[in-house]
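Student: What follows is my_file00.cif, made up of mmCIF, C-alpha atoms:
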```
data_entry
#
loop_
_atom_site.label_atom_id
_atom_site.label_comp_id
_atom_site.auth_asym_id
_atom_site.auth_seq_id
_atom_site.Cartn_x
_atom_site.Cartn_y
_atom_site.Cartn_z
CA MET E 1 -127.29 47.64 35.95
CA HIS E 2 -129.98 49.04 33.64
CA LEU E 3 -129.05 50.59 30.29
CA THR E 4 -129.94 54.06 31.60
CA GLN E 5 -127.55 53.55 34.52
CA VAL E 6 -124.80 52.40 32.18
CA VAL E 7 -125.21 55.57 30.11
CA TRP E 8 -125.09 57.75 33.23
CA ALA E 9 -122.07 55.90 34.58
CA ALA E 10 -120.23 56.40 31.29
CA ALA E 11 -121.08 60.11 31.34
CA LEU E 12 -119.90 60.50 34.93
CA ALA E 13 -116.64 58.76 34.13
CA LEU E 14 -115.86 61.60 31.72
CA LEU E 15 -116.31 64.32 34.33
CA PRO E 16 -113.01 65.88 35.45
CA GLY E 17 -111.92 65.07 39.01
CA GLY E 18 -115.01 63.03 39.77
CA VAL E 19 -117.19 66.12 40.12
CA ASP E 20 -120.86 65.10 40.16
CA ALA E 21 -123.77 67.29 39.16
CA HIS E 22 -125.96 64.49 40.53
CA TYR E 23 -124.88 61.90 43.06
CA ARG E 24 -125.79 59.34 45.71
CA TYR E 25 -124.18 57.88 48.80
CA SER E 26 -123.30 54.20 48.34
CA LYS E 27 -120.60 53.39 50.91
CA LEU E 28 -120.83 53.24 54.71
CA LEU E 29 -117.75 54.17 56.74
CA VAL E 30 -117.22 53.04 60.34
CA ASN E 31 -114.25 54.63 62.10
CA GLY E 32 -112.78 55.38 58.69
CA GLN E 33 -113.14 51.81 57.41
CA ASN E 34 -114.96 51.81 54.09
CA SER E 35 -117.48 49.28 52.78
CA ARG E 36 -118.27 48.12 49.29
CA ASP E 37 -120.92 49.92 47.27
CA TRP E 38 -124.38 48.95 48.58
CA GLU E 39 -122.95 46.47 51.10
CA PHE E 40 -124.79 48.13 53.99
CA ILE E 41 -126.77 50.81 52.12
CA ARG E 42 -130.05 50.07 50.34
CA GLU E 43 -129.60 50.69 46.64
CA ASN E 44 -132.44 52.67 45.09
CA SER E 45 -133.91 52.79 41.61
CA ASN E 46 -133.54 56.57 41.38
CA PHE E 47 -129.85 56.17 40.55
CA ILE E 48 -128.16 59.60 40.74
CA MET E 49 -131.29 61.64 40.12
CA PRO E 50 -132.63 64.00 42.81
CA THR E 51 -135.95 63.69 44.56
CA LYS E 52 -138.04 66.87 44.32
CA GLN E 53 -140.80 66.24 46.83
CA LEU E 54 -140.60 69.24 49.14
CA ILE E 55 -144.11 70.35 48.17
CA GLN E 56 -145.84 66.93 48.28
CA PRO E 57 -143.52 64.22 49.69
CA SER E 58 -144.39 60.53 49.41
CA ASP E 59 -143.18 57.47 51.34
CA ASP E 60 -140.23 57.34 48.91
CA PHE E 61 -138.94 60.35 50.81
CA ARG E 62 -137.70 58.00 53.55
CA CYS E 63 -135.01 55.92 51.84
CA ASN E 64 -135.60 56.72 48.15
CA SER E 65 -137.62 54.99 45.46
CA GLY E 66 -137.14 51.25 45.02
CA SER E 67 -134.85 50.93 48.03
CA PHE E 68 -137.10 48.65 50.09
CA ALA E 69 -136.94 46.04 47.33
CA ASN E 70 -133.22 45.76 48.11
CA ALA E 71 -133.51 45.82 51.91
CA GLY E 72 -133.47 42.03 52.30
CA LYS E 73 -130.23 41.59 50.36
CA THR E 74 -128.46 44.50 52.10
CA ASN E 75 -126.22 43.55 55.03
CA VAL E 76 -126.54 44.98 58.54
CA ARG E 77 -123.38 46.61 59.96
CA ARG E 78 -122.71 46.16 63.68
CA VAL E 79 -121.54 49.39 65.29
CA ASN E 80 -120.72 50.50 68.81
CA PRO E 81 -121.85 53.65 70.63
CA GLY E 82 -119.09 56.21 70.21
CA ASP E 83 -118.13 54.95 66.73
CA THR E 84 -117.81 57.44 63.90
CA LEU E 85 -120.25 56.63 61.11
CA GLY E 86 -119.86 58.14 57.68
CA PHE E 87 -121.10 57.97 54.11
CA GLN E 88 -119.17 58.26 50.86
CA LEU E 89 -120.47 59.13 47.42
CA TRP E 90 -120.69 56.58 44.65
CA ASN E 91 -118.14 56.72 41.82
CA GLY E 92 -115.60 58.78 43.78
CA GLY E 93 -117.50 62.01 43.15
CA THR E 94 -117.83 65.14 45.27
CA ILE E 95 -120.80 67.40 45.91
CA ILE E 96 -120.92 70.43 43.62
CA HIS E 97 -124.32 71.81 44.62
CA PRO E 98 -124.94 74.46 47.29
CA GLY E 99 -127.00 73.42 50.30
CA PRO E 100 -127.08 71.75 53.72
CA SER E 101 -126.92 68.09 54.76
CA THR E 102 -128.61 66.08 57.52
CA ILE E 103 -128.41 62.57 58.97
CA HIS E 104 -131.38 60.91 60.70
CA MET E 105 -131.84 57.55 62.44
CA SER E 106 -134.93 55.40 62.99
CA LYS E 107 -135.04 52.34 65.25
CA ALA E 108 -136.64 49.28 63.66
CA PRO E 109 -139.20 47.35 65.72
CA GLY E 110 -137.33 44.15 64.78
CA ASP E 111 -135.28 43.14 61.74
CA VAL E 112 -134.24 46.35 59.98
CA ARG E 113 -134.23 44.47 56.66
CA GLN E 114 -138.02 44.28 56.96
CA TYR E 115 -138.48 47.87 58.12
CA ARG E 116 -139.94 50.52 55.81
CA GLY E 117 -138.98 53.48 57.98
CA ASP E 118 -142.58 54.35 58.88
CA GLY E 119 -141.74 54.73 62.59
CA ASP E 120 -140.09 57.63 64.42
CA TRP E 121 -136.90 59.36 63.27
CA PHE E 122 -134.45 61.61 65.08
CA LYS E 123 -131.71 63.85 63.71
CA VAL E 124 -128.12 63.06 64.70
CA HIS E 125 -126.16 65.43 62.48
CA GLU E 126 -126.43 68.44 60.20
CA GLU E 127 -123.99 70.60 58.24
CA ILE E 128 -124.94 74.02 56.92
CA ILE E 129 -122.52 76.94 56.53
CA CYS E 130 -118.89 76.30 57.49
CA ARG E 131 -116.93 79.05 55.76
CA ASN E 132 -117.23 82.68 54.85
CA VAL E 133 -115.58 82.75 51.45
CA GLN E 134 -117.54 85.75 50.16
CA GLY E 135 -117.79 85.72 46.42
CA PRO E 136 -117.71 88.84 44.23
CA ASN E 137 -118.82 91.97 46.09
CA GLY E 138 -119.15 90.07 49.40
CA LYS E 139 -121.95 87.78 48.21
CA LEU E 140 -122.86 84.29 49.42
CA ASP E 141 -120.55 81.81 47.71
CA ASP E 142 -121.15 78.15 46.86
CA ARG E 143 -117.96 77.30 48.73
CA ASP E 144 -119.48 78.57 51.98
CA TRP E 145 -121.50 75.35 52.35
CA CYS E 146 -119.91 72.66 54.53
CA THR E 147 -120.50 69.92 51.98
CA TRP E 148 -119.18 71.79 48.95
CA ASP E 149 -116.67 69.63 47.03
CA GLN E 150 -116.83 66.95 49.75
CA ALA E 151 -117.01 63.20 49.06
CA THR E 152 -117.96 62.11 52.58
CA ILE E 153 -120.03 63.16 55.59
CA SER E 154 -119.75 61.65 59.07
CA PHE E 155 -120.90 61.93 62.69
CA LYS E 156 -120.13 60.35 66.06
CA LEU E 157 -122.80 57.95 67.33
CA PRO E 158 -123.78 59.20 70.82
CA ALA E 159 -122.37 57.04 73.61
CA ASP E 160 -125.79 56.33 75.12
CA THR E 161 -127.56 55.35 71.89
CA PRO E 162 -130.02 52.55 72.78
CA PRO E 163 -129.13 49.13 71.33
CA GLY E 164 -131.08 47.77 68.39
CA GLN E 165 -131.26 47.84 64.62
CA TYR E 166 -131.64 51.17 62.83
CA LEU E 167 -132.01 52.84 59.49
CA VAL E 168 -129.49 55.68 59.11
CA ARG E 169 -130.62 58.19 56.48
CA VAL E 170 -128.00 60.51 54.96
CA GLU E 171 -129.19 63.44 52.87
CA HIS E 172 -127.84 66.38 50.94
CA ILE E 173 -130.27 69.17 50.05
CA ALA E 174 -129.40 71.22 46.98
CA ILE E 175 -131.08 74.63 47.03
CA HIS E 176 -129.87 76.23 43.81
CA GLY E 177 -133.50 76.13 42.56
CA ALA E 178 -135.17 76.33 45.94
CA GLN E 179 -136.97 79.66 45.50
CA SER E 180 -139.45 77.95 43.16
CA GLY E 181 -139.91 74.88 45.35
CA ASP E 182 -137.48 72.99 43.10
CA THR E 183 -135.36 71.91 46.05
CA GLU E 184 -133.34 68.76 45.31
CA PHE E 185 -132.90 65.95 47.87
CA TYR E 186 -130.21 63.28 47.51
CA PHE E 187 -130.49 60.53 50.13
CA THR E 188 -129.97 56.87 50.94
CA CYS E 189 -130.39 54.64 54.03
CA ALA E 190 -127.86 52.36 55.72
CA GLN E 191 -128.80 49.38 57.87
CA VAL E 192 -126.93 49.13 61.19
CA GLU E 193 -127.17 47.32 64.52
CA VAL E 194 -126.10 49.31 67.57
CA THR E 195 -124.55 47.22 70.34
CA GLY E 196 -124.15 47.97 74.06
CA ASN E 197 -126.68 48.99 76.68
CA GLY E 198 -127.19 52.70 76.03
CA GLN E 199 -130.03 54.29 77.97
CA GLY E 200 -130.35 57.57 76.10
CA ARG E 201 -133.71 58.85 74.92
CA PRO E 202 -133.30 60.10 71.34
CA GLY E 203 -135.45 63.00 70.23
CA PRO E 204 -137.22 65.12 69.20
CA LEU E 205 -138.97 62.37 67.25
CA VAL E 206 -140.50 63.04 63.83
CA LYS E 207 -142.08 61.14 60.98
CA ILE E 208 -140.64 61.07 57.48
CA PRO E 209 -142.35 62.46 55.51
CA SER E 210 -144.18 65.06 57.61
CA ASN E 211 -144.28 68.81 58.17
CA ASP E 212 -142.37 68.21 61.40
CA VAL E 213 -139.35 67.43 59.23
CA TYR E 214 -139.62 69.87 56.33
CA ASP E 215 -142.38 72.38 55.75
CA ARG E 216 -143.09 73.44 52.17
CA ASN E 217 -142.69 77.03 53.34
CA ASP E 218 -139.46 76.44 55.28
CA PRO E 219 -137.43 79.55 54.37
CA ALA E 220 -134.17 77.66 54.95
CA LEU E 221 -135.11 75.41 52.03
CA ARG E 222 -136.78 78.04 49.84
CA PHE E 223 -134.01 80.63 50.09
CA TRP E 224 -132.85 82.60 47.04
CA ILE E 225 -129.06 82.21 47.31
CA TYR E 226 -127.82 84.22 44.36
CA GLY E 227 -126.50 87.74 44.73
CA VAL E 228 -127.29 87.95 48.45
CA PRO E 229 -124.81 89.08 51.16
CA ALA E 230 -122.46 86.42 52.49
CA ASN E 231 -124.02 86.47 55.96
CA SER E 232 -127.65 86.49 54.83
CA TYR E 233 -128.27 82.75 55.26
CA LYS E 234 -128.79 82.77 59.02
CA TYR E 235 -130.56 79.45 59.53
CA THR E 236 -128.74 77.27 62.07
CA SER E 237 -131.04 74.24 61.88
CA ILE E 238 -132.67 72.45 58.97
CA GLY E 239 -136.26 71.53 59.79
CA LYS E 240 -138.09 72.30 63.02
CA HIS E 241 -136.29 69.67 65.11
CA SER E 242 -132.90 69.83 66.77
CA VAL E 243 -129.96 67.40 66.61
CA TRP E 244 -129.86 64.66 69.27
CA ARG E 245 -126.36 64.45 70.72
CA GLY E 246 -127.15 62.06 73.56
CA GLY E 247 -129.09 62.18 76.81
CA ASN E 248 -132.82 62.79 77.10
CA GLY E 249 -133.88 64.47 73.89
CA GLY E 250 -137.60 64.14 74.50
CA GLY E 251 -140.13 62.17 72.56
CA ALA E 252 -141.81 64.71 70.32
CA ALA E 253 -140.98 67.51 67.97
CA PRO E 254 -141.03 71.01 69.45
CA PRO E 255 -143.82 73.37 68.41
CA ALA E 256 -143.25 75.03 65.07
CA THR E 257 -141.54 78.39 65.32
CA SER E 258 -140.38 80.89 62.74
CA PRO E 259 -136.62 80.89 62.12
CA PRO E 260 -134.73 83.73 63.87
CA SER E 261 -134.29 85.66 60.64
CA ASN E 262 -138.05 85.99 60.20
CA GLY E 263 -138.26 88.53 63.02
CA GLY E 264 -141.35 86.99 64.58
CA GLY E 265 -144.07 84.51 63.69
CA GLY E 266 -147.56 84.93 62.37
CA ASN E 267 -148.86 87.57 60.02
CA GLY E 268 -148.34 90.20 62.70
CA GLY E 269 -144.54 89.78 62.72
CA THR E 270 -141.94 91.06 60.32
CA VAL E 271 -139.44 89.38 58.05
CA ALA E 272 -135.75 90.22 58.08
CA LEU E 273 -133.94 91.26 54.92
CA TRP E 274 -133.54 88.33 52.46
CA GLY E 275 -136.18 86.23 54.27
CA GLN E 276 -139.35 84.76 52.73
CA CYS E 277 -142.36 87.08 52.89
CA GLY E 278 -144.93 85.42 50.65
CA GLY E 279 -145.88 82.73 48.18
CA LYS E 280 -148.54 80.10 47.59
CA ASP E 281 -149.59 78.41 50.87
CA TYR E 282 -147.12 80.58 52.82
CA THR E 283 -148.53 81.40 56.28
CA GLY E 284 -145.72 83.43 57.86
CA PRO E 285 -145.32 87.21 58.23
CA THR E 286 -145.50 89.28 55.06
CA ARG E 287 -144.20 92.65 56.23
CA CYS E 288 -140.48 93.30 55.72
CA ALA E 289 -138.51 94.78 58.60
CA GLU E 290 -136.16 96.17 55.94
CA GLY E 291 -136.60 96.52 52.19
CA THR E 292 -139.65 95.45 50.20
CA CYS E 293 -141.35 92.10 49.54
CA LYS E 294 -140.57 91.13 45.94
CA VAL E 295 -142.40 88.31 44.14
CA THR E 296 -140.03 85.75 42.57
CA ASN E 297 -142.74 83.31 41.47
CA GLU E 298 -146.07 81.96 42.73
CA TRP E 299 -144.32 79.96 45.48
CA TYR E 300 -141.82 82.46 46.77
CA SER E 301 -141.47 86.14 47.63
CA GLN E 302 -138.43 87.59 49.39
CA CYS E 303 -137.55 90.78 51.28
CA VAL E 304 -134.99 92.64 49.19
CA ARG E 305 -133.50 96.11 49.07
#
```
Starting from the coordinates I provided, produce the structure as structure tokens.

Tutor:
Amino acid sequence: MHLTQVVWAAALALLPGGVDAHYRYSKLLVNGQNSRDWEFIRENSNFIMPTKQLIQPSDDFRCNSGSFANAGKTNVRRVNPGDTLGFQLWNGGTIIHPGPSTIHMSKAPGDVRQYRGDGDWFKVHEEIICRNVQGPNGKLDDRDWCTWDQATISFKLPADTPPGQYLVRVEHIAIHGAQSGDTEFYFTCAQVEVTGNGQGRPGPLVKIPSNDVYDRNDPALRFWIYGVPANSYKYTSIGKHSVWRGGNGGGAAPPATSPPSNGGGGNGGTVALWGQCGGKDYTGPTRCAEGTCKVTNEWYSQCVR
């Protein structure tokens, strides 16, 4: 462990209850059985620091910086279709940042330990809003997010997942600074081998990084969360692609569409209250169906009362 990591580890050890301001997933769970740290997950050189590449993502956006250097010494976990796969945070911490989470998979053309993740990916899980806590005066509360104060995230591997070796990318997206494009991504990749003879067709398929995954103007990831009504975050999917739950999911991402809360696409549409209505490189509608379009910064404007 580098000196910087030692210092961070010592600081985290002093945090009450294992609460982490920054974090990373280091353990893979299969049907509730836990692994050792980095046994099946590629350790990265970013340690617990977030990646802030929403505006201009690089190849490090796949499995995090420095992770491929550890791919060869990371084991491959055999799993069966129908198993429950999960991820647990390093150091026994929990997530104390507001925002959604996703899990993606990418089939390697051969040995996953030699795979950089430059092929196709498909989404198998996402968690967004689970509760309606309503903070003071009925406002959106940090505890509304599914992952708030959680140490693990898991999903059930579809029964017809095709056999082969895969990267499984878990990610939490912290949006407490998202209105300025300062969205924080925390992610790692596990290496697994799926057994069986599944004949499903995962999809929609996307590249990571690409605008098919996350657009710099995606209002779900540029949303101003403070002081807004509890039900104002209406986005039910993160990114333009849906979750594959088995069967024939198709082989390509669907055409880009404005989220439901935008009230229509293109400059001729309108934006619902609390939605994005402007900002640098923004190409969506700019007219508010309710309220006025208020500039927050050069990257983000929002319809407010």

Student: So what do you get for atom CA of E:Gln53 versus atom CA of E:Ala178, distance-wise?

Tutor: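 Computed distance, atom CA of E:Gln53 to atom CA of E:Ala178, equals 11.6 Å.
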
Student: For the provided coordinates, the residues matched by the PyMOL selection byres ((chain E and resi 138) around 12) should be stated as a PyMOL selection string.

Tutor: chain E and resi 132-137+139-141+144+226-232

Student: Any chance you could resolve the PyMOL selection byres ((chain E and resi 119-126) around 10) against this file and give the residues as number ranges by chain?

Tutor: E: 62, 100-109, 115-118, 127-128, 146, 153-158, 166-172, 202-209, 213, 236-239, 241-246, 249, 251-253

Student: Can you list, as a list in words, the residues that the PyMOL selection byres ((chain E and resi 50) around 7) selects here?

Tutor: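 Expected selection for the PyMOL selection byres ((chain E and resi 50) around 7) here is Ile48, Met49, Thr51, Lys52, Glu184, Phe185 and Tyr186 of chain E.
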
Student: Between E:Gly291, E:Pro219, E:Ile173, E:Thr183, which is the closest to E:Gly278 once you count only C-alpha atoms?

Tutor: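 For E:Gly278, the nearest of the candidates is E:Pro219.
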
Student: Quick one: of E:Ala159, E:Val304, E:Ile225, E:Leu54, who's nearest to E:Gly200, counting only C-alpha atoms?

Tutor: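 Ranking E:Ala159, E:Val304, E:Ile225, E:Leu54 by distance to E:Gly200, first place goes to E:Ala159.
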
Student: Which is closer to E:Phe61 than all the others in E:Thr188, E:Ser35, E:Gln179, E:Gln165, using all atoms listed in the file?

Tutor: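 Between E:Thr188, E:Ser35, E:Gln179, E:Gln165, the residue approaching E:Phe61 most closely is E:Thr188.
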
Student: So, with all atoms listed in the file as the atoms that count, which of E:Asp111, E:Asp60, E:Gln199, E:Cys277 lies closest to E:Asn248?

Tutor: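 Result for the nearest residue to E:Asn248: E:Gln199.
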
Student: Mind pulling up the distance from atom CA of E:Gln150 to atom CA of E:Gly275?

Tutor: 27.7 Å

Student: Find, counting only C-alpha atoms, the residue in E:Gly72, E:Gly93, E:Pro57, E:Pro98 that gets nearest to E:Trp224.

Tutor: E:Pro98

Student: Using Å and a single decimal, report how far atom CA of E:Asn31 sits from atom CA of E:Gln114.

Tutor: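 If I compute the distance from atom CA of E:Gln114 to atom CA of E:Asn31, I get 26.4 Å.
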
Student: So, with only C-alpha atoms as the atoms that count, which of E:Arg201, E:Arg113, E:His97, E:Arg24 lies closest to E:Asn44?

Tutor: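 Going through E:Arg201, E:Arg113, E:His97, E:Arg24 one by one, the smallest distance to E:Asn44 is for E:Arg24.
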
Student: Given the point (-139.8, 80.5, 51.9) in the coordinates of this file, which residues lie within 8 Å, counting all atoms listed in the file, and how would they look as a PyMOL selection string?

Tutor: chain E and resi 179+216-223+275-279+282+299-302
